[in-house]
Every structure is written in C-alpha cells, then in structure tokens.
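Coordinates from start19.tsv are shown below (TSV, C-alpha atoms).
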```tsv
chain	number	residue	atom	x	y	z
G	1	MET	CA	46.52	176.34	150.11
G	2	GLY	CA	47.07	173.55	147.64
G	3	ILE	CA	49.48	171.04	146.19
G	4	GLU	CA	50.43	170.01	142.68
G	5	VAL	CA	50.59	166.35	141.70
G	6	ASN	CA	52.03	165.56	138.26
G	7	GLY	CA	51.16	169.08	137.15
G	8	ARG	CA	47.57	168.90	138.45
G	9	LYS	CA	46.55	171.37	141.17
G	10	ILE	CA	44.52	169.83	143.98
G	11	ASP	CA	43.53	170.70	147.56
G	12	TRP	CA	45.99	170.22	150.37
G	13	ILE	CA	44.68	168.03	153.18
G	14	GLU	CA	46.22	168.34	156.63
G	15	ASN	CA	48.09	165.26	157.88
G	16	GLU	CA	47.73	163.41	154.60
G	17	SER	CA	50.40	160.75	154.09
G	18	VAL	CA	51.90	159.80	150.73
G	19	SER	CA	49.91	156.53	150.83
G	20	LYS	CA	46.65	158.43	151.39
G	21	LEU	CA	47.44	160.91	148.63
G	22	LEU	CA	48.13	158.08	146.16
G	23	LYS	CA	44.77	156.57	147.14
G	24	ARG	CA	43.00	159.93	146.73
G	25	MET	CA	44.59	160.32	143.27
G	26	LYS	CA	43.43	156.76	142.46
G	27	TYR	CA	47.00	155.76	141.60
G	28	THR	CA	46.71	152.04	142.08
G	29	PHE	CA	50.06	151.00	140.62
G	30	PRO	CA	52.10	149.20	143.28
G	31	LEU	CA	55.56	150.32	142.15
G	32	VAL	CA	55.94	154.06	142.05
G	33	VAL	CA	58.74	156.54	142.49
G	34	VAL	CA	57.58	159.62	144.43
G	35	LYS	CA	59.36	162.92	144.75
G	36	ILE	CA	58.18	165.78	146.95
G	37	ASN	CA	59.79	169.09	146.00
G	38	LYS	CA	62.60	167.17	144.24
G	39	ASP	CA	63.32	164.87	147.22
G	40	ILE	CA	62.86	161.13	146.84
G	41	VAL	CA	60.42	159.50	149.27
G	42	LEU	CA	61.22	155.83	149.81
G	43	ARG	CA	58.30	153.41	149.58
G	44	SER	CA	59.01	152.36	153.17
G	45	GLU	CA	58.15	155.95	154.22
G	46	PHE	CA	54.88	156.26	152.28
G	47	ASN	CA	52.67	155.61	155.34
G	48	ASN	CA	54.46	158.10	157.60
G	49	LYS	CA	55.58	160.88	155.28
G	50	ILE	CA	53.10	163.78	155.52
G	51	ILE	CA	52.55	165.99	152.48
G	52	PRO	CA	53.42	169.62	153.28
G	53	ASP	CA	51.20	172.44	152.00
G	54	ASN	CA	52.26	174.07	148.73
G	55	SER	CA	54.38	171.08	147.72
G	56	LYS	CA	54.99	169.88	144.21
G	57	ILE	CA	54.76	166.12	143.92
G	58	ASP	CA	55.85	163.88	141.09
G	59	VAL	CA	54.65	160.31	140.82
G	60	VAL	CA	55.89	157.90	138.15
G	61	HIS	CA	55.17	154.19	138.01
G	62	MET	CA	57.54	151.49	136.94
G	63	ILE	CA	56.34	148.92	134.42
G	64	SER	CA	58.10	145.57	133.88
G	65	GLY	CA	59.93	145.03	130.60
G	66	GLY	CA	63.42	145.63	129.32
V	67	MET	CA	76.24	172.46	117.96
V	68	LYS	CA	78.98	173.89	115.78
V	69	LYS	CA	81.20	171.96	113.43
V	70	ASN	CA	84.37	173.38	114.97
V	71	ASN	CA	83.35	171.71	118.24
V	72	PHE	CA	83.48	168.19	116.77
V	73	ASN	CA	86.95	167.35	118.07
V	74	GLU	CA	86.18	168.76	121.48
V	75	ILE	CA	82.94	166.78	121.65
V	76	LYS	CA	84.79	163.58	120.76
V	77	LYS	CA	87.30	164.32	123.49
V	78	VAL	CA	84.59	164.87	126.13
V	79	LEU	CA	82.87	161.61	125.18
V	80	ALA	CA	86.17	159.68	125.16
V	81	ASN	CA	86.81	160.92	128.70
V	82	SER	CA	83.30	160.04	129.90
V	83	SER	CA	81.95	156.92	131.59
V	84	ILE	CA	78.47	155.47	131.71
V	85	GLY	CA	77.23	152.65	133.96
V	86	ILE	CA	74.47	150.34	132.77
V	87	ALA	CA	72.46	148.14	135.12
V	88	GLY	CA	71.15	145.18	133.11
V	89	LEU	CA	72.20	143.93	129.68
V	90	GLY	CA	68.89	142.76	128.25
V	91	GLY	CA	66.88	144.55	125.57
V	92	LEU	CA	67.53	148.02	126.97
V	93	GLY	CA	71.07	147.64	128.28
V	94	SER	CA	72.66	145.69	125.41
V	95	ASN	CA	71.31	148.09	122.78
V	96	ALA	CA	72.15	151.21	124.79
V	97	ALA	CA	75.69	149.91	125.42
V	98	VAL	CA	76.34	149.28	121.71
V	99	SER	CA	74.95	152.69	120.78
V	100	LEU	CA	77.10	154.47	123.36
V	101	ALA	CA	80.19	152.54	122.23
V	102	ARG	CA	79.51	153.67	118.65
V	103	ALA	CA	79.07	157.24	119.88
V	104	GLY	CA	82.59	157.14	121.33
V	105	VAL	CA	81.97	157.01	125.08
V	106	GLY	CA	85.35	156.03	126.56
V	107	ARG	CA	84.33	153.72	129.36
V	108	LEU	CA	81.29	151.59	130.14
V	109	VAL	CA	80.53	149.81	133.41
V	110	LEU	CA	78.24	146.90	132.50
V	111	ILE	CA	76.41	144.69	134.97
V	112	ASP	CA	74.30	141.56	134.43
V	113	PHE	CA	74.21	138.06	135.91
V	114	ASP	CA	72.30	136.34	133.12
V	115	ILE	CA	73.17	134.01	130.25
V	116	ILE	CA	71.82	134.42	126.72
V	117	GLU	CA	68.76	132.40	125.77
V	118	GLU	CA	67.21	131.98	122.32
V	119	GLU	CA	64.15	134.03	123.34
V	120	ASN	CA	66.42	137.03	124.05
V	121	LEU	CA	67.36	137.35	120.37
V	122	ASN	CA	64.07	139.06	119.43
V	123	ARG	CA	65.41	142.31	120.89
V	124	GLN	CA	68.78	141.99	122.61
V	125	TYR	CA	72.11	142.74	120.93
V	126	TYR	CA	73.39	139.17	120.80
V	127	PHE	CA	73.74	136.50	118.12
V	128	PHE	CA	72.51	132.94	117.67
V	129	ASP	CA	75.98	131.49	118.19
V	130	GLN	CA	76.18	133.27	121.58
V	131	ILE	CA	73.29	131.35	123.16
V	132	GLY	CA	74.45	129.94	126.51
V	133	LYS	CA	77.16	132.56	126.97
V	134	ARG	CA	77.20	135.07	129.80
V	135	LYS	CA	75.77	138.40	128.68
V	136	VAL	CA	78.74	140.37	130.04
V	137	GLU	CA	81.16	138.26	127.97
V	138	ALA	CA	79.05	138.34	124.80
V	139	ILE	CA	78.52	142.11	124.98
V	140	GLU	CA	82.26	142.55	125.42
V	141	ASP	CA	82.90	140.53	122.24
V	142	ASN	CA	80.26	142.48	120.32
V	143	ILE	CA	81.36	145.93	121.48
V	144	LYS	CA	85.05	145.22	120.91
V	145	ARG	CA	84.24	144.29	117.31
V	146	ILE	CA	82.89	147.83	116.93
V	147	ASN	CA	85.45	149.67	119.03
V	148	PRO	CA	88.51	147.72	120.27
V	149	GLU	CA	89.80	150.76	122.20
V	150	ILE	CA	86.83	151.21	124.55
V	151	LYS	CA	87.36	150.44	128.24
V	152	LEU	CA	84.80	147.99	129.64
V	153	ASP	CA	84.32	147.18	133.33
V	154	LEU	CA	82.26	143.98	133.33
V	155	HIS	CA	80.50	142.57	136.38
V	156	ASN	CA	78.77	139.21	136.17
V	157	ILE	CA	76.71	139.74	139.32
V	158	LYS	CA	73.11	140.15	140.41
V	159	LEU	CA	72.35	143.56	141.88
V	160	GLU	CA	71.23	142.94	145.46
V	161	LYS	CA	69.01	145.29	147.44
V	162	GLY	CA	71.11	147.52	149.66
V	163	PHE	CA	74.22	147.18	147.46
V	164	MET	CA	72.94	148.41	144.12
V	165	SER	CA	74.70	151.75	143.93
V	166	LYS	CA	78.28	150.83	144.86
V	167	LEU	CA	79.54	149.87	141.38
V	168	PHE	CA	78.28	153.17	139.95
V	169	SER	CA	79.98	155.65	142.27
V	170	ASP	CA	82.64	156.67	139.71
V	171	VAL	CA	80.60	156.89	136.48
V	172	ASP	CA	79.25	160.15	135.01
V	173	VAL	CA	75.77	158.89	134.13
V	174	ILE	CA	73.82	155.76	135.16
V	175	ILE	CA	71.37	153.93	132.90
V	176	GLU	CA	68.71	151.75	134.52
V	177	ALA	CA	68.09	148.89	132.09
V	178	LEU	CA	66.53	146.26	134.34
V	179	ASP	CA	63.38	144.35	133.49
V	180	ASP	CA	61.40	143.68	136.66
V	181	ALA	CA	59.36	146.67	137.89
V	182	LYS	CA	60.12	146.02	141.56
V	183	ILE	CA	63.87	145.84	140.97
V	184	LYS	CA	63.71	148.95	138.75
V	185	THR	CA	62.00	150.85	141.58
V	186	GLU	CA	64.48	149.62	144.21
V	187	PHE	CA	67.41	150.53	141.97
V	188	ILE	CA	66.15	154.07	141.32
V	189	GLU	CA	65.47	154.60	145.03
V	190	GLU	CA	68.97	153.47	145.99
V	191	ILE	CA	70.72	155.60	143.37
V	192	LEU	CA	68.71	158.73	144.25
V	193	LEU	CA	69.38	158.14	147.94
V	194	ASN	CA	73.06	157.09	147.85
V	195	LEU	CA	74.34	159.01	144.82
V	196	PRO	CA	72.13	162.13	144.88
V	197	SER	CA	74.36	164.21	142.59
V	198	LYS	CA	74.45	161.54	139.86
V	199	SER	CA	72.14	161.58	136.84
V	200	ILE	CA	70.16	158.40	136.25
V	201	VAL	CA	68.29	157.57	133.05
V	202	ALA	CA	65.55	154.99	133.60
V	203	ALA	CA	62.88	153.43	131.38
V	204	SER	CA	59.30	152.37	132.05
V	205	GLY	CA	56.74	151.12	129.53
V	206	VAL	CA	58.64	149.40	126.72
V	207	THR	CA	56.27	146.60	125.66
V	208	GLY	CA	54.18	146.32	122.50
V	209	TYR	CA	54.55	147.95	119.09
V	210	GLY	CA	53.66	151.31	117.56
V	211	ASN	CA	52.65	154.26	119.75
V	212	SER	CA	56.09	155.84	119.47
V	213	GLU	CA	54.57	159.27	120.13
V	214	ARG	CA	53.40	158.13	123.57
V	215	ILE	CA	57.01	157.88	124.75
V	216	LYS	CA	58.08	160.93	126.73
V	217	THR	CA	60.97	162.02	128.89
V	218	ARG	CA	59.91	162.89	132.43
V	219	LYS	CA	62.68	164.84	134.17
V	220	LEU	CA	62.46	164.78	137.95
V	221	GLY	CA	65.64	166.47	139.13
V	222	ASN	CA	68.51	164.08	138.34
V	223	LEU	CA	66.12	161.30	137.35
V	224	TYR	CA	65.28	161.15	133.66
V	225	LEU	CA	62.53	158.64	132.90
V	226	CYS	CA	61.83	157.44	129.35
V	227	TYR	CA	58.20	156.80	129.97
V	228	ASP	CA	55.10	155.42	128.29
V	229	ASP	CA	52.64	155.32	131.16
V	230	LYS	CA	50.01	153.57	129.01
V	231	ALA	CA	52.17	150.55	128.16
V	232	LEU	CA	51.43	147.21	129.79
V	233	SER	CA	53.73	145.08	131.87
V	234	SER	CA	55.82	142.46	130.06
V	235	GLU	CA	53.67	139.87	131.85
V	236	ASP	CA	50.67	141.13	129.85
V	237	ASP	CA	52.18	142.23	126.52
V	238	MET	CA	54.96	141.16	124.17
V	239	LEU	CA	58.40	142.70	123.79
V	240	PHE	CA	59.49	143.61	120.25
V	241	ALA	CA	62.87	144.82	119.02
V	242	PRO	CA	61.70	148.09	117.40
V	243	ARG	CA	60.10	149.56	120.51
V	244	VAL	CA	62.63	148.20	123.03
V	245	CYS	CA	65.55	149.41	120.86
V	246	LEU	CA	63.83	152.76	120.36
V	247	ILE	CA	63.64	153.30	124.11
V	248	ALA	CA	67.18	151.92	124.68
V	249	ASN	CA	68.48	154.47	122.20
V	250	TRP	CA	66.24	157.13	123.73
V	251	GLN	CA	68.07	156.45	127.02
V	252	ALA	CA	71.47	156.52	125.30
V	253	ASN	CA	70.52	159.80	123.61
V	254	ILE	CA	69.62	161.40	126.95
V	255	ALA	CA	72.89	160.12	128.46
V	256	ILE	CA	74.85	161.82	125.66
V	257	GLU	CA	72.80	164.99	126.15
V	258	ILE	CA	73.67	164.99	129.86
V	259	LEU	CA	77.38	164.55	129.07
V	260	LEU	CA	77.48	167.24	126.40
V	261	GLY	CA	74.50	169.50	127.02
V	262	GLU	CA	75.97	171.82	129.57
V	263	LYS	CA	79.07	172.56	127.53
V	264	PHE	CA	77.83	172.44	123.96
V	265	GLY	CA	74.09	173.20	124.18
V	266	HIS	CA	71.19	170.98	123.22
```

Spell out the structure here as structure tokens.
Amino acid sequence: MGIEVNGRKIDWIENESVSKLLKRMKYTFPLVVVKINKDIVLRSEFNNKIIPDNSKIDVVHMISGG
Amino acid sequence: MKKNNFNEIKKVLANSSIGIAGLGGLGSNAAVSLARAGVGRLVLIDFDIIEEENLNRQYYFFDQIGKRKVEAIEDNIKRINPEIKLDLHNIKLEKGFMSKLFSDVDVIIEALDDAKIKTEFIEEILLNLPSKSIVAASGVTGYGNSERIKTRKLGNLYLCYDDKALSSEDDMLFAPRVCLIANWQANIAIEILLGEKFGH
C-alpha cells in the first residue's frame, strides 16, 4: 500500500483528502494544479476528494509573472 | 528530422493553429516566435493596453504605448509575416468562459500573469477541452538560473516550470528569462504539432 506524489513514494492513509495530503506534504502554496492518475482535481474538490490507494499524484504550483 | 521532410513540415505548420491566452511578456514573444516559425493561424487574446513598463520584456515598441495589445501585436506580426491568419480578441477571460475561444485550435498556450487566473485557466481547459494540449508557464521572474527551468508533462498539460522562482510581487521580471520561457513554450507547441509525425 502506498502512493506516489511528484515521484516520491509515501504511505497511503485511508480517507485522506487532497487538502490533507497537501498539508502532510507541507505544500503550502495556495495555487496548485493537482492530478490524480492523470485526472485533474479542481480546487473546489480538494476537501472532499479522497486519495485512492496506489495512486500517482502530481502537484504543480502556479507562480505569478508573465 | 530529415531534410527531405522540410516542405512537409512547413505544410503541417501552415495548416496548424495555436491559441494564446495573454499577450504580455510570455504571450507576445511566443506569438512572434510562432509566426516566424510559420504557424498558419494564431488566436490571440488580451484586454490590456501597452504601458511603458511593459517594454522591458514584451514584444512592443515605444511608439505603441497606449495602444491595445491585440492591435499592436497584429501590426508587429504582420510586418514579419503578412500572410498569417490572426484571430484577435480584445477581451478579459472570465471564469467559467475561459475555454470557449480555444475549442478549434490545435494547441493552447497559457501566457497569463496572475497565479490565480493561471490556475483557473488550466483547470477550465483540462476540464472542458480534455483532448487538447495546453502549454503553461510558472516561475518566470528574476535572472540567471536557466538550468532550473524544466518541462513537467502531466498528460496533456505541459508546464514550463521553475518551482524555485519567486512571484512577480517579490521579484523583478527581465526580458532574457521571460523571453526564454516564452520561447520554451513556443518550442513545446511546435514539438506537439510536429513530434508525432516527424519525431523529436
């Protein structure tokens, strides 16, 4: 049992939401794009979306400037 | 890439279209680069007018201050390539309606400046146009550190990314690094258009 976040293997925790995972990873950036197994998770779903076991998660953060 | 493919490559690019959201430092430079590369049609969106402070990185000229960016970029691109087809939209992208102008382009470039709007735009494109490739950028401020810039590929989302860069509220924007990343985005867009057929 385990998940992979940005290439890093970590323990899977039952009933962990995206918000809780971001907190556990100490990702404090407010504006992130999250994909679970290639599917986009909207920020409005971060509190409810539960991380499935064995999933591969990508987190990127958006920085102002252009 | 083989030399005998050159004509075919030019034909593919001439029949391709790229949409660019934002015509600031990223968008104006990417648009000019793609026009030079021979992309046949660009869909360009911005609501802003040119200010003097934009000239440190954006593809405009002193005598264009006060002009709408969509009109100035049209003038500048047509001086390079009068044949290119430009769809210009002088509008602000509003949440909930961000993807509609991009439904018929081959590749989308995110060239916005505010992190929140960048995030909203990427979310809407991935949700509403899931089969479309989008090339975004995050972390363009400062100077040097070119080797920190990477491409993160998450499915159809390609992110030109320096995750150590600061926000433009906390660091300056300079032409070399902004133009580098704008052209990095343009380079990925070309790779998406040609890669499958002609290799990388």

Residues of chain V near chain G: apply a cut-off of 7 Å, count only C-alpha atoms, and supply the list as an MDAnalysis selection string. chainID V and resid 90:92 177:182 184:185 189 192 204:207 220:221 232:234 244

In Å, rounded to a single decimal, give me how far atom CA of G:Tyr27 is from atom CA of V:Ile215.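 Interatomic distance, atom CA of V:Ile215 to atom CA of G:Tyr27: 19.7 Å.
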
Hey, which bits of stretch 149-241 of chain V sit within 9 Å of stretch 250-254 of chain V, and for each residue what's the closest pair of atoms and how far apart in Å (one decimal), counting all atoms listed in the file, rows by chain and increasing number, as a Markdown table?
```
| residue | atom | partner | partner_atom | distance |
| --- | --- | --- | --- | --- |
| V:Ile175 | CA | V:Gln251 | CA | 7.2 |
| V:Glu176 | CA | V:Gln251 | CA | 8.9 |
| V:Val201 | CA | V:Gln251 | CA | 6.1 |
| V:Ala202 | CA | V:Gln251 | CA | 7.2 |
| V:Ala203 | CA | V:Gln251 | CA | 7.4 |
| V:Thr217 | CA | V:Trp250 | CA | 8.8 |
| V:Tyr224 | CA | V:Ile254 | CA | 8.0 |
| V:Leu225 | CA | V:Gln251 | CA | 8.4 |
| V:Cys226 | CA | V:Gln251 | CA | 6.7 |
```

Calculate how many Å separate atom CA of G:Met25 from atom CA of G:Lys9, rounding to one decimal.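 Between atom CA of G:Met25 and atom CA of G:Lys9 the gap works out to 11.4 Å.
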
Can you pull out every residue within 10 Å of G:Asn15, counting all atoms listed in the file, but drop anything in the same chain fewer than 5 positions away, and send it as a VMD selection string? chain G and resid 20 48 to 53

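Of the listed residues (V:Val98, V:Ile258, V:Ile143, V:Leu246), V:Ile258 comes nearest to V:Lys219; the distances count all atoms listed in the file.
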
Interatomic distance between atom CA of V:Phe127 and atom CA of V:Tyr209?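 Computing it gives 22.4 Å between the two atoms.
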
Show me, as a list in words, the residues that have an atom within 7 Å of V:Gly208 when counting all atoms listed in the file, minus same-chain residues fewer than 3 positions from it.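 The residues satisfying every condition are Asp237, Met238, Leu239 and Phe240 of chain V.
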
Those same residues, written as an mmCIF file, keeping the file's coordinate frame with C-alpha atoms?
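Saved as part.cif:
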```
data_model
loop_
_atom_site.group_PDB
_atom_site.id
_atom_site.type_symbol
_atom_site.label_atom_id
_atom_site.label_comp_id
_atom_site.auth_asym_id
_atom_site.auth_seq_id
_atom_site.Cartn_x
_atom_site.Cartn_y
_atom_site.Cartn_z
ATOM 1 C CA ASP V 237 52.180 142.230 126.520
ATOM 2 C CA MET V 238 54.960 141.160 124.170
ATOM 3 C CA LEU V 239 58.400 142.700 123.790
ATOM 4 C CA PHE V 240 59.490 143.610 120.250
#
```

Which residues, protein or nucleic acid, reach to within 9 Å of (49.7, 169.8, 142.1) in the file's coordinates when using all atoms listed in the file, and can you give that as a PyMOL selection string? chain G and resi 2-11+54-58

Pick from V:Glu262, V:Glu186, V:Glu137, V:Glu235: nearest to G:Ser44, with all atoms listed in the file counted? V:Glu186

Rank V:Asn70, V:Asn142, V:Ser169, V:Gln130 by their smallest atom-to-atom distance to V:Ser197, using all atoms listed in the file, and report the top residue only. V:Ser169

With distances taken over all atoms listed in the file, which residue among V:Cys245, V:Ala80, V:Leu223, V:Ile157 lies nearest V:Asn95? V:Cys245
